[in-house]
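Below is protein-v7.csv, holding CSV, C-alpha atoms.
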```
chain,number,residue,atom,x,y,z
A,1,MET,CA,16.8,-43.9,15.8
A,2,THR,CA,15.9,-44.8,12.2
A,3,ALA,CA,13.7,-42.7,9.9
A,4,PRO,CA,10.2,-43.9,9.2
A,5,LEU,CA,9.7,-45.7,6.0
A,6,ALA,CA,7.0,-43.2,4.9
A,7,SER,CA,5.6,-40.0,6.1
A,8,ALA,CA,1.9,-39.4,6.8
A,9,TYR,CA,1.8,-37.4,3.6
A,10,ASP,CA,3.1,-40.4,1.6
A,11,VAL,CA,0.6,-42.8,3.2
A,12,VAL,CA,-2.3,-40.4,2.5
A,13,LEU,CA,-1.1,-39.9,-1.1
A,14,GLY,CA,-1.2,-43.6,-1.6
A,15,VAL,CA,-4.7,-43.7,-0.1
A,16,HIS,CA,-5.7,-40.9,-2.4
A,17,ILE,CA,-4.4,-42.6,-5.5
A,18,LEU,CA,-5.9,-46.0,-4.5
A,19,ALA,CA,-9.3,-44.3,-3.9
A,20,VAL,CA,-9.2,-42.9,-7.5
A,21,VAL,CA,-8.3,-46.3,-8.9
A,22,ILE,CA,-11.0,-48.2,-6.9
A,23,ALA,CA,-13.7,-45.6,-7.4
A,24,PHE,CA,-13.3,-45.1,-11.1
A,25,GLY,CA,-11.5,-48.2,-12.5
A,26,VAL,CA,-14.6,-50.3,-13.0
A,27,THR,CA,-16.4,-47.5,-14.7
A,28,PHE,CA,-14.0,-47.7,-17.6
A,29,ALA,CA,-15.0,-51.4,-18.0
A,30,TYR,CA,-18.8,-50.8,-18.2
A,31,PRO,CA,-18.9,-50.6,-22.0
A,32,ILE,CA,-17.2,-54.0,-22.3
A,33,ILE,CA,-19.3,-55.5,-19.5
A,34,PHE,CA,-22.6,-54.4,-21.0
A,35,ALA,CA,-21.6,-55.3,-24.6
A,36,VAL,CA,-20.5,-58.9,-23.7
A,37,GLY,CA,-23.3,-59.4,-21.1
A,38,ALA,CA,-26.1,-58.3,-23.5
A,39,ARG,CA,-24.7,-60.3,-26.3
A,40,ILE,CA,-24.3,-63.5,-24.3
A,41,ASP,CA,-27.6,-63.2,-22.4
A,42,PRO,CA,-29.9,-60.2,-23.1
A,43,ARG,CA,-32.0,-61.1,-20.1
A,44,SER,CA,-29.0,-60.3,-17.9
A,45,VAL,CA,-29.2,-56.6,-18.7
A,46,PRO,CA,-31.4,-55.6,-15.7
A,47,THR,CA,-28.9,-57.4,-13.4
A,48,LEU,CA,-26.0,-55.6,-15.1
A,49,HIS,CA,-27.7,-52.2,-14.4
A,50,ARG,CA,-28.3,-53.2,-10.8
A,51,ILE,CA,-24.6,-54.1,-10.5
A,52,GLU,CA,-23.8,-50.7,-12.0
A,53,LEU,CA,-26.1,-49.0,-9.6
A,54,ALA,CA,-24.5,-50.7,-6.6
A,55,THR,CA,-21.1,-49.8,-7.9
A,56,GLU,CA,-22.0,-46.1,-8.3
A,57,ARG,CA,-23.5,-46.0,-4.8
A,58,ILE,CA,-20.8,-47.9,-3.0
A,59,LEU,CA,-17.5,-47.7,-4.9
A,60,VAL,CA,-17.9,-44.4,-6.8
A,61,SER,CA,-19.6,-42.4,-4.1
A,62,GLY,CA,-17.5,-43.9,-1.3
A,63,GLY,CA,-14.4,-43.5,-3.3
A,64,LEU,CA,-15.2,-39.8,-3.8
A,65,VAL,CA,-15.4,-39.3,-0.1
A,66,LEU,CA,-11.9,-40.9,0.3
A,67,VAL,CA,-10.5,-38.9,-2.6
A,68,LEU,CA,-11.9,-35.6,-1.1
A,69,GLY,CA,-10.7,-36.4,2.4
A,70,ALA,CA,-7.3,-37.4,1.4
A,71,GLY,CA,-7.0,-34.5,-1.0
A,72,ILE,CA,-7.9,-32.1,1.8
A,73,PHE,CA,-5.2,-33.5,4.0
A,74,LEU,CA,-2.6,-33.4,1.1
A,75,ALA,CA,-3.5,-29.8,0.2
A,76,SER,CA,-3.4,-28.7,3.8
A,77,ASP,CA,-0.2,-30.5,4.7
A,78,GLY,CA,1.6,-29.3,1.6
A,79,HIS,CA,0.1,-25.8,1.8
A,80,HIS,CA,-1.2,-26.1,-1.8
A,81,TRP,CA,-4.7,-24.6,-1.4
A,82,SER,CA,-3.9,-21.7,-3.8
A,83,GLU,CA,-2.6,-23.9,-6.6
A,84,PHE,CA,-4.6,-24.7,-9.7
A,85,PHE,CA,-4.4,-28.5,-9.4
A,86,VAL,CA,-6.1,-28.4,-6.0
A,87,GLN,CA,-8.9,-26.1,-7.2
A,88,TRP,CA,-9.3,-28.4,-10.3
A,89,GLY,CA,-9.4,-31.5,-8.1
A,90,ILE,CA,-12.0,-30.0,-5.8
A,91,GLY,CA,-14.1,-28.9,-8.7
A,92,ALA,CA,-13.8,-32.4,-10.3
A,93,VAL,CA,-14.9,-34.1,-7.1
A,94,VAL,CA,-17.9,-31.7,-6.8
A,95,VAL,CA,-19.0,-32.2,-10.4
A,96,ILE,CA,-18.5,-36.0,-10.4
A,97,GLY,CA,-20.4,-36.3,-7.1
A,98,ALA,CA,-23.3,-34.1,-8.3
A,99,VAL,CA,-23.6,-35.8,-11.7
A,100,VAL,CA,-23.4,-39.3,-10.2
A,101,GLY,CA,-26.1,-38.4,-7.7
A,102,ALA,CA,-28.3,-36.4,-10.0
A,103,VAL,CA,-28.0,-38.2,-13.3
A,104,MET,CA,-26.1,-41.5,-13.2
A,105,ILE,CA,-27.8,-43.2,-10.2
A,106,PRO,CA,-31.4,-42.2,-11.2
A,107,ALA,CA,-30.8,-43.1,-14.9
A,108,THR,CA,-29.2,-46.4,-14.0
A,109,LYS,CA,-32.1,-47.3,-11.7
A,110,ARG,CA,-34.6,-46.3,-14.5
A,111,ALA,CA,-32.6,-48.4,-17.1
A,112,ALA,CA,-32.9,-51.5,-14.9
A,113,GLU,CA,-36.7,-50.9,-14.5
A,114,LEU,CA,-37.2,-50.4,-18.3
A,115,ALA,CA,-35.1,-53.4,-19.1
A,116,ASP,CA,-37.2,-55.5,-16.8
A,117,ARG,CA,-40.4,-54.2,-18.4
A,118,ASP,CA,-39.1,-54.8,-22.0
A,119,ILE,CA,-37.9,-58.3,-21.2
A,120,ALA,CA,-41.2,-59.2,-19.5
A,121,ALA,CA,-43.0,-57.9,-22.6
A,122,ALA,CA,-41.0,-60.2,-24.8
A,123,ARG,CA,-42.0,-63.2,-22.7
A,124,ASP,CA,-40.1,-66.1,-24.2
A,125,GLY,CA,-39.7,-64.4,-27.5
A,126,GLU,CA,-37.0,-62.2,-28.9
A,127,ILE,CA,-36.1,-59.2,-26.7
A,128,GLU,CA,-36.4,-55.8,-28.3
A,129,MET,CA,-35.5,-52.9,-26.0
A,130,SER,CA,-37.8,-49.9,-26.2
A,131,GLY,CA,-36.9,-46.5,-27.5
A,132,GLU,CA,-37.4,-45.2,-24.0
A,133,TYR,CA,-34.8,-47.7,-22.7
A,134,GLN,CA,-32.4,-46.9,-25.5
A,135,ALA,CA,-32.7,-43.1,-24.7
A,136,VAL,CA,-31.8,-43.7,-21.0
A,137,VAL,CA,-28.9,-45.9,-22.0
A,138,ARG,CA,-27.7,-43.2,-24.5
A,139,ARG,CA,-27.8,-40.6,-21.6
A,140,LEU,CA,-25.8,-43.0,-19.4
A,141,ASN,CA,-23.3,-43.5,-22.1
A,142,VAL,CA,-22.8,-39.8,-22.9
A,143,VAL,CA,-22.7,-38.7,-19.3
A,144,GLY,CA,-20.6,-41.6,-18.2
A,145,SER,CA,-18.1,-40.9,-21.1
A,146,ALA,CA,-17.9,-37.2,-20.1
A,147,LEU,CA,-17.3,-38.2,-16.5
A,148,SER,CA,-14.5,-40.6,-17.6
A,149,LEU,CA,-12.9,-37.8,-19.6
A,150,LEU,CA,-13.0,-35.6,-16.5
A,151,VAL,CA,-11.3,-38.3,-14.5
A,152,VAL,CA,-8.6,-38.8,-17.1
A,153,ALA,CA,-8.1,-35.0,-17.4
A,154,THR,CA,-7.8,-34.8,-13.6
A,155,VAL,CA,-5.3,-37.6,-13.4
A,156,PHE,CA,-3.1,-35.9,-15.9
A,157,ILE,CA,-3.5,-32.5,-14.2
A,158,MET,CA,-2.4,-34.1,-10.9
A,159,ALA,CA,0.5,-35.9,-12.6
A,160,ILE,CA,1.9,-32.8,-14.3
A,161,LYS,CA,1.4,-30.3,-11.5
A,162,PRO,CA,4.4,-28.2,-10.7
```
Would you write the structure of this file as structure tokens?
Amino acid sequence: MTAPLASAYDVVLGVHILAVVIAFGVTFAYPIIFAVGARIDPRSVPTLHRIELATERILVSGGLVLVLGAGIFLASDGHHWSEFFVQWGIGAVVVIGAVVGAVMIPATKRAAELADRDIAAARDGEIEMSGEYQAVVRRLNVVGSALSLLVVATVFIMAIKP
């Protein structure tokens, strides 16, 4: 009888890592997507926000569920519940989930609405985004950057755990 190629722990660890990459990878590209999209076609901004909204609802939120579920399995199987990296990981998932649900999703939806309004007001003329829109986008940028830093810190904590 031959040994299995991978244990259940190894498979779930792979799922856990893939869930992090899938859930958060695109969020690091948002600044580039918005900068290029707005420069090429300012009228595409509402669509870009709606893509961001769908990504947050489907990829980020769904990915968080997979990250948490796989993490629970890994912590249980490896008897790691008392270790710092597990506590940090759970805290990071809770914070990210709460902030995405309470701040990012509503602000992204509002940004799309405001962009639609500001573009409609411009008619066929030059588009000038309102101060209200710019304030919402600043909030998205600041909070999104903080969440990205939390993801990066968490990846490093998981990578250097004892």
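If you look at CA of Glu56 in chain A and CA of Leu13 in chain A, they are 23.0 Å away from each other.
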Check: Any idea what's packed within 8 Å of Val67 in chain A, counting all atoms listed in the file, ignoring anything in its chain fewer than 2 positions away? Could you give it as a VMD selection string?
Finding: chain A and resid 15 to 17 19 to 20 63 to 65 69 to 71 93
Next item on the list: Using all atoms listed in the file, pick whichever of A:Pro106, A:Gly89, A:Gly37, A:Gly14 has the shortest atom-to-atom distance to Ala54 in chain A.
Entry: A:Pro106
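For Leu48 in chain A, the set of protein, DNA and RNA residues having any atom at most 12 Å away, when counting only C-alpha atoms and skipping those fewer than 5 positions along the same chain, is Tyr30, Pro31, Ile32, Ile33, Phe34, Ala35, Val36, Gly37, Ala38, Asp41, Pro42, Arg43, Leu53, Ala54, Thr55, Thr108, Lys109, Ala111, Ala112, Glu113, Ala115 and Asp116 of chain A.
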Next item on the list: Using all atoms listed in the file, pick whichever of A:Met158, A:Ile105, A:Ile119, A:Ala146 has the shortest atom-to-atom distance to Arg57 in chain A.
Entry: A:Ile105
Check: Between A:Asp10, A:Trp88, A:Ala120, A:Thr2, which is the closest to Thr154 in chain A once you count all atoms listed in the file?
Finding: A:Trp88
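Among A:Glu132, A:Asp77, A:Asp124, A:Glu52, the residue with the shortest atom-to-atom distance to Ala29 in chain A, counting all atoms listed in the file, is A:Glu52.
You will find CA of Leu149 in chain A at 15.1 Å from CA of Met104 in chain A.
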Next item on the list: Name all residues at most 9 Å from Ile96 in chain A (count only C-alpha atoms; drop same-chain ones fewer than 5 positions away) and give them as number ranges by chain.
Entry: A: 64, 91, 101, 147, 150-151
Please report as a Markdown table every residue of range 82-105 of chain A lying within 9 Å of range 138-144 of chain A, along with the nearest atom pair and their distance in Å (one decimal), using all atoms listed in the file.
```
| residue | atom | partner | partner_atom | distance |
| --- | --- | --- | --- | --- |
| A:Val99 | CA | A:Val143 | CA | 8.2 |
| A:Val100 | CA | A:Gly144 | CA | 8.8 |
| A:Val103 | CA | A:Val143 | CA | 8.0 |
| A:Met104 | CA | A:Leu140 | CA | 6.4 |
```
Check: Suppose you want the space between CA of His79 in chain A and CA of Val21 in chain A; what is it in Å?
Finding: 24.6 Å
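Among the candidates A:Ile40, A:Val86, A:Met1, A:Ala23, the residue lying nearest to Gly62 in chain A is A:Ala23 (atoms considered: all atoms listed in the file).
Checking A:Ile90, A:Ala6, A:Ala159, A:Ile22 one by one against Ile58 in chain A, counting all atoms listed in the file, you find the shortest gap at A:Ile22.
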Pull N, CA and C atoms for range 101-119 of chain A from the block and write them as a PDB file, in the first residue's frame.
```
ATOM      1  N   GLY A 101     -18.278  44.648   5.231  1.00  0.00           N
ATOM      2  CA  GLY A 101     -19.738  44.726   5.289  1.00  0.00           C
ATOM      3  C   GLY A 101     -20.267  46.072   5.748  1.00  0.00           C
ATOM      4  N   ALA A 102     -19.593  46.704   6.698  1.00  0.00           N
ATOM      5  CA  ALA A 102     -20.096  47.944   7.281  1.00  0.00           C
ATOM      6  C   ALA A 102     -19.604  49.204   6.583  1.00  0.00           C
ATOM      7  N   VAL A 103     -18.442  49.134   5.939  1.00  0.00           N
ATOM      8  CA  VAL A 103     -17.866  50.338   5.331  1.00  0.00           C
ATOM      9  C   VAL A 103     -17.698  50.193   3.818  1.00  0.00           C
ATOM     10  N   MET A 104     -16.970  49.178   3.397  1.00  0.00           N
ATOM     11  CA  MET A 104     -16.584  49.083   1.984  1.00  0.00           C
ATOM     12  C   MET A 104     -17.782  48.892   1.051  1.00  0.00           C
ATOM     13  N   ILE A 105     -18.644  47.943   1.358  1.00  0.00           N
ATOM     14  CA  ILE A 105     -19.781  47.689   0.472  1.00  0.00           C
ATOM     15  C   ILE A 105     -20.718  48.893   0.399  1.00  0.00           C
ATOM     16  N   PRO A 106     -21.141  49.474   1.534  1.00  0.00           N
ATOM     17  CA  PRO A 106     -22.011  50.655   1.429  1.00  0.00           C
ATOM     18  C   PRO A 106     -21.332  51.847   0.739  1.00  0.00           C
ATOM     19  N   ALA A 107     -20.048  52.077   1.032  1.00  0.00           N
ATOM     20  CA  ALA A 107     -19.350  53.209   0.414  1.00  0.00           C
ATOM     21  C   ALA A 107     -19.153  52.989  -1.083  1.00  0.00           C
ATOM     22  N   THR A 108     -18.885  51.767  -1.482  1.00  0.00           N
ATOM     23  CA  THR A 108     -18.721  51.473  -2.904  1.00  0.00           C
ATOM     24  C   THR A 108     -20.040  51.690  -3.640  1.00  0.00           C
ATOM     25  N   LYS A 109     -21.123  51.244  -3.037  1.00  0.00           N
ATOM     26  CA  LYS A 109     -22.445  51.444  -3.637  1.00  0.00           C
ATOM     27  C   LYS A 109     -22.742  52.944  -3.754  1.00  0.00           C
ATOM     28  N   ARG A 110     -22.416  53.699  -2.705  1.00  0.00           N
ATOM     29  CA  ARG A 110     -22.641  55.151  -2.719  1.00  0.00           C
ATOM     30  C   ARG A 110     -21.763  55.827  -3.770  1.00  0.00           C
ATOM     31  N   ALA A 111     -20.517  55.383  -3.900  1.00  0.00           N
ATOM     32  CA  ALA A 111     -19.622  55.969  -4.900  1.00  0.00           C
ATOM     33  C   ALA A 111     -20.177  55.778  -6.309  1.00  0.00           C
ATOM     34  N   ALA A 112     -20.727  54.608  -6.589  1.00  0.00           N
ATOM     35  CA  ALA A 112     -21.319  54.352  -7.910  1.00  0.00           C
ATOM     36  C   ALA A 112     -22.502  55.288  -8.152  1.00  0.00           C
ATOM     37  N   GLU A 113     -23.346  55.457  -7.139  1.00  0.00           N
ATOM     38  CA  GLU A 113     -24.510  56.347  -7.269  1.00  0.00           C
ATOM     39  C   GLU A 113     -24.073  57.790  -7.493  1.00  0.00           C
ATOM     40  N   LEU A 114     -23.096  58.245  -6.722  1.00  0.00           N
ATOM     41  CA  LEU A 114     -22.619  59.623  -6.868  1.00  0.00           C
ATOM     42  C   LEU A 114     -21.937  59.835  -8.215  1.00  0.00           C
ATOM     43  N   ALA A 115     -21.176  58.856  -8.671  1.00  0.00           N
ATOM     44  CA  ALA A 115     -20.528  58.968  -9.978  1.00  0.00           C
ATOM     45  C   ALA A 115     -21.581  59.055 -11.084  1.00  0.00           C
ATOM     46  N   ASP A 116     -22.624  58.241 -10.978  1.00  0.00           N
ATOM     47  CA  ASP A 116     -23.727  58.324 -11.950  1.00  0.00           C
ATOM     48  C   ASP A 116     -24.321  59.728 -11.959  1.00  0.00           C
ATOM     49  N   ARG A 117     -24.582  60.260 -10.770  1.00  0.00           N
ATOM     50  CA  ARG A 117     -25.184  61.595 -10.645  1.00  0.00           C
ATOM     51  C   ARG A 117     -24.276  62.673 -11.250  1.00  0.00           C
ATOM     52  N   ASP A 118     -22.989  62.616 -10.903  1.00  0.00           N
ATOM     53  CA  ASP A 118     -22.052  63.637 -11.375  1.00  0.00           C
ATOM     54  C   ASP A 118     -21.859  63.556 -12.886  1.00  0.00           C
ATOM     55  N   ILE A 119     -21.846  62.362 -13.430  1.00  0.00           N
ATOM     56  CA  ILE A 119     -21.702  62.189 -14.884  1.00  0.00           C
ATOM     57  C   ILE A 119     -22.963  62.677 -15.600  1.00  0.00           C
TER      58      ILE A 119
END
```
